[in-house]
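Peer 1: Have a peek at protein.tsv (TSV, C-alpha atoms and all ligand atoms).
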chain	number	residue	atom	x	y	z
A	2	MET	CA	-62.97	-79.61	-177.23
A	3	SER	CA	-62.58	-83.37	-177.23
A	4	VAL	CA	-65.81	-84.00	-175.31
A	5	PHE	CA	-68.00	-82.63	-178.10
A	6	LYS	CA	-68.46	-84.41	-181.37
A	7	ARG	CA	-67.78	-82.21	-184.34
A	8	ARG	CA	-70.72	-80.56	-186.09
A	9	ALA	CA	-71.39	-82.24	-189.41
A	10	ALA	CA	-72.40	-79.16	-191.38
A	11	GLN	CA	-69.30	-77.00	-191.45
A	12	ASP	CA	-69.45	-75.92	-195.07
A	13	ASP	CA	-72.22	-73.36	-194.61
A	14	ARG	CA	-70.40	-71.38	-191.97
A	15	PRO	CA	-69.97	-67.67	-192.71
A	16	THR	CA	-66.71	-66.46	-194.09
A	17	ALA	CA	-64.29	-64.65	-191.82
A	18	GLY	CA	-65.07	-61.40	-193.60
A	19	HIS	CA	-68.72	-61.30	-192.55
A	20	VAL	CA	-69.59	-58.35	-190.35
A	21	LEU	CA	-72.70	-58.82	-188.24
A	22	PRO	CA	-74.03	-55.37	-187.51
A	23	ALA	CA	-73.36	-53.64	-190.83
A	24	GLY	CA	-75.92	-53.05	-193.54
A	25	PRO	CA	-78.84	-55.12	-194.81
A	26	ALA	CA	-78.52	-58.88	-194.68
A	27	ALA	CA	-77.02	-60.46	-197.76
A	28	HIS	CA	-78.65	-63.44	-199.42
A	29	GLY	CA	-78.16	-66.48	-197.18
A	30	ASN	CA	-77.50	-64.26	-194.19
A	31	GLU	CA	-81.09	-63.24	-193.51
A	32	VAL	CA	-81.69	-61.66	-190.15
A	33	VAL	CA	-84.51	-63.35	-188.23
A	34	LEU	CA	-84.24	-61.32	-185.03
A	35	GLU	CA	-82.84	-57.88	-184.45
A	36	LEU	CA	-82.33	-55.91	-181.26
A	37	GLN	CA	-82.07	-52.17	-181.67
A	38	ASP	CA	-80.61	-50.29	-178.74
A	39	LEU	CA	-82.32	-52.62	-176.25
A	40	VAL	CA	-82.52	-51.25	-172.69
A	41	MET	CA	-83.72	-53.08	-169.58
A	42	HIS	CA	-83.44	-51.31	-166.27
A	43	PHE	CA	-84.77	-52.78	-163.04
A	44	GLY	CA	-85.13	-49.64	-160.97
A	45	ALA	CA	-81.58	-48.34	-160.55
A	46	VAL	CA	-80.02	-51.52	-161.97
A	47	ARG	CA	-79.00	-51.01	-165.59
A	48	ALA	CA	-79.02	-54.70	-166.52
A	49	VAL	CA	-79.07	-54.08	-170.29
A	50	ASP	CA	-77.97	-50.69	-171.55
A	51	GLY	CA	-78.23	-50.23	-175.31
A	52	VAL	CA	-77.66	-53.61	-176.96
A	53	SER	CA	-77.97	-53.87	-180.75
A	54	LEU	CA	-77.63	-57.32	-182.22
A	55	GLN	CA	-78.68	-59.36	-185.24
A	56	ILE	CA	-79.41	-63.08	-185.18
A	57	ARG	CA	-79.25	-64.84	-188.51
A	58	ARG	CA	-81.69	-67.43	-189.79
A	59	GLY	CA	-80.49	-70.98	-189.22
A	60	LYS	CA	-77.39	-69.86	-187.27
A	61	VAL	CA	-76.30	-70.04	-183.66
A	62	THR	CA	-75.34	-66.74	-182.06
A	63	ALA	CA	-73.54	-67.12	-178.74
A	64	LEU	CA	-74.06	-64.35	-176.20
A	65	VAL	CA	-71.07	-64.55	-173.89
A	66	GLY	CA	-70.14	-62.84	-170.65
A	67	GLU	CA	-69.67	-63.23	-166.92
A	68	SER	CA	-72.51	-63.76	-164.51
A	69	GLY	CA	-74.14	-60.34	-164.05
A	70	SER	CA	-73.26	-59.08	-167.54
A	71	GLY	CA	-76.96	-58.88	-168.50
A	72	LYS	CA	-76.93	-61.66	-171.09
A	73	SER	CA	-79.83	-63.64	-169.57
A	74	THR	CA	-81.88	-60.45	-169.33
A	75	VAL	CA	-81.43	-59.98	-173.08
A	76	GLY	CA	-82.91	-63.46	-173.60
A	77	ARG	CA	-85.84	-62.69	-171.31
A	78	CYS	CA	-86.56	-59.46	-173.19
A	79	ILE	CA	-86.66	-61.37	-176.49
A	80	VAL	CA	-89.10	-63.98	-175.15
A	81	ARG	CA	-90.95	-61.09	-173.52
A	82	LEU	CA	-90.80	-62.51	-170.02
A	83	VAL	CA	-89.94	-58.92	-169.12
A	84	GLU	CA	-91.05	-55.74	-170.88
A	85	PRO	CA	-87.99	-53.84	-172.17
A	86	THR	CA	-87.45	-50.35	-170.78
A	87	GLY	CA	-86.37	-49.05	-174.16
A	88	GLY	CA	-85.25	-49.96	-177.67
A	89	GLN	CA	-86.83	-52.41	-180.07
A	90	VAL	CA	-87.07	-56.15	-180.66
A	91	LEU	CA	-87.77	-56.97	-184.32
A	92	LEU	CA	-88.79	-60.47	-185.42
A	93	ASN	CA	-88.63	-60.89	-189.20
A	94	GLY	CA	-88.66	-57.11	-189.39
A	95	ALA	CA	-91.86	-56.72	-187.32
A	96	ASP	CA	-91.68	-54.79	-184.05
A	97	VAL	CA	-92.57	-57.17	-181.20
A	98	THR	CA	-91.43	-54.91	-178.39
A	99	HIS	CA	-94.95	-54.13	-177.20
A	100	LEU	CA	-97.60	-56.77	-177.82
A	101	SER	CA	-101.26	-57.27	-177.09
A	102	ARG	CA	-102.35	-60.47	-175.36
A	103	ALA	CA	-103.31	-62.04	-178.71
A	104	GLN	CA	-100.03	-61.02	-180.32
A	105	MET	CA	-98.12	-62.38	-177.32
A	106	ARG	CA	-99.63	-65.80	-177.97
A	107	GLU	CA	-98.20	-65.77	-181.48
A	108	HIS	CA	-94.86	-64.49	-180.22
A	109	ARG	CA	-94.62	-67.34	-177.70
A	110	ARG	CA	-95.04	-69.75	-180.59
A	111	ASP	CA	-92.29	-68.11	-182.63
A	112	VAL	CA	-89.75	-67.67	-179.81
A	113	SER	CA	-89.06	-70.46	-177.31
A	114	ILE	CA	-86.67	-70.62	-174.40
A	115	VAL	CA	-84.79	-73.40	-172.63
A	116	PHE	CA	-83.73	-72.41	-169.12
A	117	GLN	CA	-80.62	-73.32	-167.17
A	118	ASP	CA	-82.39	-75.38	-164.53
A	119	PRO	CA	-84.86	-77.94	-165.92
A	120	ALA	CA	-85.99	-78.89	-162.39
A	121	GLY	CA	-87.22	-75.35	-161.81
A	122	SER	CA	-88.73	-74.76	-165.24
A	123	LEU	CA	-90.92	-77.91	-165.47
A	124	ASP	CA	-94.12	-78.02	-163.42
A	125	PRO	CA	-93.59	-80.96	-161.01
A	126	ARG	CA	-97.36	-81.64	-160.85
A	127	MET	CA	-97.69	-82.21	-164.58
A	128	LEU	CA	-96.96	-85.43	-166.45
A	129	VAL	CA	-94.14	-85.07	-168.95
A	130	GLY	CA	-96.61	-85.70	-171.79
A	131	ASP	CA	-98.74	-82.74	-170.69
A	132	VAL	CA	-95.66	-80.52	-170.28
A	133	VAL	CA	-94.49	-81.31	-173.80
A	134	ALA	CA	-98.00	-80.96	-175.29
A	135	GLU	CA	-98.68	-77.53	-173.75
A	136	PRO	CA	-97.22	-75.46	-176.65
A	137	LEU	CA	-99.50	-77.28	-179.11
A	138	GLN	CA	-102.32	-75.09	-177.80
A	139	LEU	CA	-100.43	-72.07	-179.12
A	140	GLN	CA	-100.66	-73.52	-182.60
A	141	GLY	CA	-104.45	-73.53	-182.43
A	142	GLY	CA	-106.73	-76.07	-184.15
A	143	ARG	CA	-108.41	-79.08	-182.62
A	144	ARG	CA	-106.54	-82.32	-182.14
A	145	SER	CA	-107.78	-85.73	-181.14
A	146	ARG	CA	-106.23	-87.42	-178.09
A	147	LYS	CA	-104.47	-89.82	-180.49
A	148	GLU	CA	-102.99	-87.00	-182.59
A	149	ARG	CA	-101.77	-85.24	-179.47
A	150	SER	CA	-100.12	-88.41	-178.15
A	151	GLU	CA	-98.43	-88.99	-181.48
A	152	ARG	CA	-97.03	-85.45	-181.55
A	153	VAL	CA	-95.73	-85.83	-177.98
A	154	ALA	CA	-94.15	-89.20	-178.81
A	155	GLU	CA	-92.47	-87.67	-181.87
A	156	GLY	CA	-91.24	-84.75	-179.79
A	157	LEU	CA	-89.77	-87.02	-177.14
A	158	GLN	CA	-88.13	-89.29	-179.68
A	159	ARG	CA	-86.60	-86.28	-181.39
A	160	VAL	CA	-84.68	-85.52	-178.19
A	161	GLY	CA	-83.66	-89.13	-177.61
A	162	LEU	CA	-86.35	-90.10	-175.07
A	163	ARG	CA	-88.72	-93.07	-175.26
A	164	PRO	CA	-92.43	-92.26	-175.73
A	165	GLU	CA	-93.23	-93.99	-172.39
A	166	VAL	CA	-91.51	-91.08	-170.63
A	167	ALA	CA	-94.71	-89.11	-171.33
A	168	ARG	CA	-96.41	-90.98	-168.47
A	169	ARG	CA	-93.81	-90.04	-165.87
A	170	TYR	CA	-93.36	-86.94	-163.71
A	171	PRO	CA	-90.31	-84.67	-164.10
A	172	HIS	CA	-88.89	-85.67	-160.68
A	173	GLU	CA	-88.72	-89.29	-161.84
A	174	LEU	CA	-86.18	-88.33	-164.52
A	175	SER	CA	-82.46	-87.51	-164.37
A	176	GLY	CA	-81.26	-83.93	-164.85
A	177	GLY	CA	-80.17	-84.66	-168.42
A	178	GLN	CA	-83.52	-86.28	-169.24
A	179	ARG	CA	-85.40	-83.32	-167.76
A	180	GLN	CA	-83.41	-80.93	-169.94
A	181	ARG	CA	-84.26	-83.07	-172.96
A	182	VAL	CA	-87.93	-82.72	-172.00
A	183	SER	CA	-87.45	-78.93	-171.81
A	184	ILE	CA	-85.92	-78.94	-175.28
A	185	ALA	CA	-88.73	-81.15	-176.66
A	186	ARG	CA	-91.26	-78.74	-175.19
A	187	ALA	CA	-89.50	-75.68	-176.57
A	188	LEU	CA	-89.44	-77.13	-180.08
A	189	MET	CA	-93.07	-78.30	-180.06
A	190	SER	CA	-94.36	-75.00	-181.45
A	191	GLU	CA	-91.75	-75.06	-184.24
A	192	PRO	CA	-90.23	-71.75	-183.18
A	193	LYS	CA	-88.32	-69.43	-185.50
A	194	ILE	CA	-85.79	-68.83	-182.78
A	195	LEU	CA	-84.74	-70.78	-179.70
A	196	ILE	CA	-83.18	-69.00	-176.74
A	197	ALA	CA	-80.93	-71.47	-174.89
A	198	ASP	CA	-80.01	-69.83	-171.58
A	199	GLU	CA	-77.04	-71.70	-170.09
A	200	PRO	CA	-78.79	-74.97	-171.05
A	201	THR	CA	-76.11	-77.28	-169.65
A	202	SER	CA	-74.61	-75.42	-166.70
A	203	ALA	CA	-76.95	-76.98	-164.10
A	204	LEU	CA	-76.23	-80.50	-165.37
A	205	ASP	CA	-73.59	-83.04	-164.35
A	206	VAL	CA	-70.44	-82.61	-166.39
A	207	SER	CA	-70.92	-86.19	-167.63
A	208	VAL	CA	-74.16	-85.30	-169.46
A	209	GLN	CA	-73.38	-81.74	-170.55
A	210	ALA	CA	-71.74	-82.84	-173.79
A	211	SER	CA	-74.62	-85.13	-174.79
A	212	VAL	CA	-77.19	-82.36	-174.28
A	213	LEU	CA	-75.04	-79.92	-176.23
A	214	ASN	CA	-74.60	-82.46	-179.02
A	215	LEU	CA	-78.37	-82.90	-179.10
A	216	LEU	CA	-78.92	-79.15	-179.42
A	217	ALA	CA	-76.38	-78.95	-182.22
A	218	ASP	CA	-77.98	-81.85	-184.11
A	219	LEU	CA	-81.49	-80.43	-183.73
A	220	GLN	CA	-80.40	-76.95	-184.76
A	221	ARG	CA	-78.70	-78.33	-187.86
A	222	ASP	CA	-81.57	-80.67	-188.80
A	223	ILE	CA	-84.47	-78.29	-188.15
A	224	GLY	CA	-82.63	-75.08	-189.00
A	225	PHE	CA	-84.02	-72.75	-186.32
A	226	ALA	CA	-82.00	-69.72	-185.29
A	227	CYS	CA	-80.56	-69.98	-181.79
A	228	LEU	CA	-79.36	-67.46	-179.24
A	229	PHE	CA	-77.02	-69.49	-177.06
A	230	ILE	CA	-76.44	-67.67	-173.78
A	231	THR	CA	-73.41	-69.01	-171.96
A	232	HIS	CA	-70.15	-68.38	-170.14
A	233	ASP	CA	-68.68	-71.66	-171.42
A	234	LEU	CA	-66.29	-70.80	-174.22
A	235	SER	CA	-65.53	-74.38	-175.17
A	236	ALA	CA	-69.26	-74.85	-175.83
A	237	VAL	CA	-69.23	-71.62	-177.84
A	238	GLU	CA	-66.33	-72.82	-179.96
A	239	TYR	CA	-68.23	-76.01	-180.69
A	240	LEU	CA	-71.72	-74.65	-181.32
A	241	ALA	CA	-71.66	-71.00	-182.39
A	242	ASP	CA	-71.59	-69.42	-185.83
A	243	ASP	CA	-71.51	-65.86	-184.47
A	244	ILE	CA	-70.39	-64.49	-181.11
A	245	ALA	CA	-71.42	-61.38	-179.17
A	246	VAL	CA	-69.53	-60.53	-175.98
A	247	MET	CA	-71.31	-58.60	-173.22
A	248	TYR	CA	-69.81	-56.65	-170.35
A	249	LEU	CA	-71.89	-54.87	-167.73
A	250	GLY	CA	-75.01	-54.45	-169.82
A	251	GLN	CA	-73.33	-53.56	-173.11
A	252	LEU	CA	-71.85	-55.37	-176.10
A	253	VAL	CA	-68.09	-54.95	-176.34
A	254	GLU	CA	-67.33	-57.19	-179.32
A	255	GLN	CA	-69.15	-59.04	-182.09
A	256	GLY	CA	-68.02	-61.21	-184.97
A	257	THR	CA	-68.03	-64.67	-186.44
A	258	ARG	CA	-66.71	-67.51	-184.33
A	259	GLU	CA	-63.63	-67.78	-186.54
A	260	GLU	CA	-62.84	-64.08	-186.17
A	261	ILE	CA	-63.34	-63.92	-182.42
A	262	PHE	CA	-61.35	-67.03	-181.62
A	263	ALA	CA	-58.52	-66.25	-184.02
A	264	ARG	CA	-58.29	-62.49	-183.43
A	265	PRO	CA	-60.08	-61.25	-180.31
A	266	ARG	CA	-59.86	-57.44	-180.45
A	267	HIS	CA	-61.33	-56.28	-177.17
A	268	PRO	CA	-59.18	-56.71	-174.03
A	269	TYR	CA	-62.15	-58.25	-172.21
A	270	THR	CA	-62.63	-60.88	-174.95
A	271	GLN	CA	-58.91	-61.56	-174.87
A	272	ALA	CA	-59.07	-62.11	-171.10
A	273	LEU	CA	-62.07	-64.45	-171.39
A	274	LEU	CA	-60.36	-66.53	-174.05
A	275	ALA	CA	-57.11	-66.60	-172.12
A	276	ALA	CA	-58.97	-68.06	-169.13
A	277	ALA	CA	-60.79	-70.77	-171.11
A	278	PRO	CA	-59.28	-74.27	-170.96
A	279	VAL	CA	-58.04	-75.85	-174.19
A	280	ALA	CA	-58.07	-79.56	-175.00
A	281	ASP	CA	-54.38	-79.85	-175.95
A	282	PRO	CA	-52.38	-80.43	-172.69
A	283	ALA	CA	-49.17	-78.99	-174.21
A	284	ARG	CA	-50.96	-75.75	-175.20
A	285	GLN	CA	-52.72	-75.67	-171.85
A	286	ARG	CA	-49.36	-75.77	-170.02
A	287	GLU	CA	-48.03	-72.84	-172.06
A	288	ARG	CA	-51.01	-70.61	-171.36
A	289	ARG	CA	-50.72	-67.47	-169.29
A	290	PRO	CA	-54.11	-66.45	-167.93
A	291	VAL	CA	-54.73	-62.73	-167.71
A	292	LEU	CA	-55.81	-61.64	-164.25
A	293	LEU	CA	-58.49	-58.98	-164.45
A	294	GLY	CA	-58.58	-58.27	-160.73
A	295	ASP	CA	-61.67	-56.92	-158.97
A	296	ASP	CA	-65.12	-58.34	-159.49
A	297	LEU	CA	-67.62	-57.07	-162.02
A	298	PRO	CA	-68.62	-53.54	-160.92
A	299	SER	CA	-72.22	-52.89	-159.91
A	300	ALA	CA	-74.73	-52.36	-162.71
A	301	MET	CA	-76.35	-49.74	-160.44
A	302	ASP	CA	-73.38	-47.45	-160.82
A	303	PRO	CA	-71.33	-48.53	-163.85
A	304	PRO	CA	-67.87	-46.98	-164.32
A	305	SER	CA	-67.56	-43.84	-166.46
A	306	GLY	CA	-66.12	-43.89	-169.98
A	307	CYS	CA	-65.28	-47.46	-170.96
A	308	ARG	CA	-67.11	-49.60	-168.40
A	309	PHE	CA	-64.23	-52.08	-168.47
A	310	HIS	CA	-61.63	-49.49	-167.43
A	311	THR	CA	-61.63	-50.48	-163.73
A	312	ARG	CA	-60.35	-53.95	-164.67
A	313	CYS	CA	-58.54	-53.37	-167.95
A	314	PRO	CA	-54.74	-53.67	-167.69
A	315	LEU	CA	-54.40	-51.24	-170.61
A	316	ALA	CA	-56.65	-48.43	-169.36
A	317	VAL	CA	-55.42	-44.85	-169.80
A	318	ALA	CA	-57.00	-41.50	-168.85
A	319	GLN	CA	-59.04	-41.39	-172.07
A	320	CYS	CA	-60.73	-44.67	-171.08
A	321	VAL	CA	-62.05	-43.12	-167.85
A	322	GLU	CA	-63.52	-40.11	-169.66
A	323	GLU	CA	-64.70	-41.24	-173.09
A	324	VAL	CA	-67.16	-43.98	-174.00
A	325	PRO	CA	-65.65	-46.05	-176.83
A	326	ALA	CA	-67.99	-46.67	-179.80
A	327	LEU	CA	-68.37	-50.09	-181.39
A	328	ARG	CA	-65.89	-49.81	-184.25
A	329	LYS	CA	-65.44	-52.08	-187.25
A	330	SER	CA	-62.14	-53.92	-187.37
A	331	GLY	CA	-61.72	-56.48	-190.14
A	332	GLY	CA	-64.50	-59.05	-189.79
A	333	ALA	CA	-65.64	-57.95	-186.33
A	334	VAL	CA	-66.63	-54.89	-184.33
A	335	ALA	CA	-65.28	-53.93	-180.91
A	336	ALA	CA	-65.76	-51.08	-178.46
A	337	CYS	CA	-62.27	-50.03	-177.40
A	338	HIS	CA	-60.38	-46.80	-178.08
A	339	PHE	CA	-57.44	-48.82	-179.35
A	340	VAL	CA	-59.26	-50.95	-181.91
A	341	HIS	CA	-58.94	-49.49	-185.40
A	342	GLU	CA	-60.30	-50.23	-188.85
A	343	ASP	CA	-56.86	-51.10	-190.18
A	344	GLY	CA	-56.90	-54.19	-187.94
A	345	SER	CA	-54.69	-52.82	-185.17
A	346	ALA	CA	-55.96	-53.76	-181.73
A	347	PRO	CA	-54.78	-53.94	-178.14
A	348	ASP	CA	-53.03	-57.02	-176.84
A	349	ILE	CA	-53.34	-57.53	-173.10
A	350	ARG	CA	-50.92	-60.43	-173.15
A	351	ALA	CA	-48.21	-58.17	-174.58
A	352	GLY	CA	-49.23	-55.52	-172.05
A	353	HIS	CA	-49.64	-52.63	-174.45
A	354	ALA	CA	-52.51	-50.98	-176.19
A	355	THR	CA	-51.52	-50.34	-179.77
A	356	SER	CA	-49.91	-53.45	-181.20
A	357	ALA	CA	-51.42	-54.77	-184.41
A	358	VAL	CA	-52.97	-58.19	-183.89
A	359	THR	CA	-52.06	-60.13	-187.00
A	360	PRO	CA	-53.60	-63.43	-188.05
A	361	ALA	CA	-50.14	-64.99	-188.06
A	362	ALA	CA	-49.63	-64.05	-184.43
A	363	THR	CA	-52.83	-65.54	-183.11
A	364	THR	CA	-54.27	-68.03	-185.57
A	365	GLY	CA	-55.64	-71.25	-184.23
A	366	SER	CA	-56.00	-70.70	-180.54
A	367	PRO	CA	-57.29	-68.44	-177.91
A	368	ALA	CA	-53.96	-68.54	-176.14
B	401	LIG	FE1	-59.31	-51.07	-171.95
B	401	LIG	FE2	-59.45	-48.50	-172.58
B	401	LIG	FE3	-59.96	-50.32	-174.43
B	401	LIG	FE4	-61.66	-49.93	-172.44
B	401	LIG	S1	-61.14	-48.46	-174.06
B	401	LIG	S2	-60.98	-51.88	-173.22
B	401	LIG	S3	-60.27	-49.49	-170.74
B	401	LIG	S4	-57.99	-49.98	-173.42
Written as structure tokens, that's how I'd like the structure from this file.

Peer 2:
Amino acid sequence: MSVFKRRAAQDDRPTAGHVLPAGPAAHGNEVVLELQDLVMHFGAVRAVDGVSLQIRRGKVTALVGESGSGKSTVGRCIVRLVEPTGGQVLLNGADVTHLSRAQMREHRRDVSIVFQDPAGSLDPRMLVGDVVAEPLQLQGGRRSRKERSERVAEGLQRVGLRPEVARRYPHELSGGQRQRVSIARALMSEPKILIADEPTSALDVSVQASVLNLLADLQRDIGFACLFITHDLSAVEYLADDIAVMYLGQLVEQGTREEIFARPRHPYTQALLAAAPVADPARQRERRPVLLGDDLPSAMDPPSGCRFHTRCPLAVAQCVEEVPALRKSGGAVAACHFVHEDGSAPDIRAGHATSAVTPAATTGSPA
């Protein structure tokens, strides 16, 4: 993780014992957004199939998974770019799953999104200043031209751009600058939650770290909650407080960043972490990636039982027949028949399903 500067505020991170989905939020762990059994089907495609998740105020929750896992669809359901097929989206406890036009306006102010591709998400015919100013209308009230310009200049400066950029068109900017404009725009309405959907994956590697650093600084300074949708585990390690892992439309593991990186319980999480590069060359040389084989199965006809069984090296007959429930295990929850409350969990690197994963065996690295 050498390319990312370290987050300054480390002392307010949750303890390893925090369990995300259980019980009412404790003081300091207030839930700002909650998904209850969220379902989003596009015809026969079961993109999201019963996702329950809590996002805490002022924290970054990373939603991780392969392309096609349904993670971006979760983000779009929260912003209400698509109408969920089932389940509930609660914002500060209020049900925002089905909204009138007037309520939608308020929702769009409270929940902003930054998309993967800034070139596609910014209107090329609009000046940057107008793009950034657009969300101000959601806040209501009349503003003079001068006030509006001042707010735009502040917004641009907040993301490291000069106020003069307001008079340019998006195509006159670099990819990194365009993504900064997207972020400035998303924060203009002072949202309660920001959805960042693969915000750096369309950018040159050389600017990815600076945009991620910017997001981290803004999140820390302003304190909005963030759902960070990504497949980049090094970015997750740097930015996230909590992690939720998705596979084929469902959550398979959730926990704090410390718990997931030190003790991944679910075989899929273990495989993802085993495939992620680490900064230390010596550790990188020692790593043995776990080959999952086969591509992600179709969301039109997901496998029976545990949806991961067609790729899991530890699958047994029970996995084909029975759906594993999300089960508490220490400071996390995971959906695998071989994860138990006493902390025992599968270990795909050892090649067997019932070994206890101890902190001593795994601390410090997603090997
Ligand atoms: Fe693998 Fe079975 Fe666990 Fe699913 S339930 S992750 S197939 S061991």

Peer 1: By how many Å are atom CA of Leu36 of chain A and atom CA of Ser101 of chain A apart?

Peer 2: 19.4 Å

Peer 1: How would you write, as a ChimeraX atom specification, the set of residues no farther than 10 Å from ligand LIG 401 (chain B) when counting all atoms listed in the file?

Peer 2: /A:253,266-270,306-326,335-340,346-349,353-355

Peer 1: So, counting all atoms listed in the file, which residue among A:Pro298, A:Pro192, A:Gly250, A:Pro278 is closest to Gly59 of chain A?

Peer 2: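 Under the stated criterion, the closest residue is A:Pro192.
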
Peer 1: For a quick check of understanding, using only C-alpha atoms, which of A:Asn30, A:Thr62, A:Gln55, A:Ser207 has the smallest distance to Asp243 of chain A?

Peer 2: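 Selected residue with least distance to Asp243 of chain A: A:Thr62.
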
Peer 1: Which of these residues is nearest to Gly177 of chain A, using all atoms listed in the file: A:Met189, A:Val46, A:Ala154, A:Ala120?

Peer 2: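 Comparing A:Met189, A:Val46, A:Ala154, A:Ala120 against Gly177 of chain A, the winner is A:Ala120.
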
Peer 1: I'd like the interatomic distance between atom CA of Val279 of chain A and atom CA of Ser235 of chain A, to a tenth of an Å.

Peer 2: 7.7 Å

Peer 1: Counting all atoms listed in the file, what is within 6 Å of Gln117 of chain A, bar same-chain residues fewer than 5 positions away, as a ChimeraX atom specification?

Peer 2: /A:198-200

Peer 1: Here is a test: counting only C-alpha atoms, which residue of A:Ser345, A:Thr74, A:Gln209, A:Gln140 is nearest to Arg264 of chain A?

Peer 2: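 Smallest separation from Arg264 of chain A among the options: A:Ser345.
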
Peer 1: Fewer than 5 positions away in the same chain doesn't count, so skip those; otherwise give me all residues within 12 Å of Ser175 of chain A, counting all atoms listed in the file, as a list of chain:residue names.

Peer 2: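 Non-adjacent residues within range: A:Pro119, A:Ala120, A:Leu162, A:Val166, A:Arg169, A:Tyr170, A:Gln180, A:Arg181, A:Val182, A:Ala203, A:Leu204, A:Asp205, A:Val208.
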
Peer 1: May I have the selected residues written with C-alpha atoms, as a short mmCIF file (atom, residue, chain, number, x, y, z; two decimals), keeping the file's coordinate frame?

Peer 2:
data_model
loop_
_atom_site.label_atom_id
_atom_site.label_comp_id
_atom_site.auth_asym_id
_atom_site.auth_seq_id
_atom_site.Cartn_x
_atom_site.Cartn_y
_atom_site.Cartn_z
CA PRO A 119 -84.86 -77.94 -165.92
CA ALA A 120 -85.99 -78.89 -162.39
CA LEU A 162 -86.35 -90.10 -175.07
CA VAL A 166 -91.51 -91.08 -170.63
CA ARG A 169 -93.81 -90.04 -165.87
CA TYR A 170 -93.36 -86.94 -163.71
CA GLN A 180 -83.41 -80.93 -169.94
CA ARG A 181 -84.26 -83.07 -172.96
CA VAL A 182 -87.93 -82.72 -172.00
CA ALA A 203 -76.95 -76.98 -164.10
CA LEU A 204 -76.23 -80.50 -165.37
CA ASP A 205 -73.59 -83.04 -164.35
CA VAL A 208 -74.16 -85.30 -169.46
#

Peer 1: Between A:Gln251, A:Asp124, A:Gln271, A:Ser70, which residue has the minimum interatomic distance to Val52 of chain A, considering all atoms listed in the file?

Peer 2: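 With all atoms listed in the file as the atom set, the closest residue is A:Gln251.
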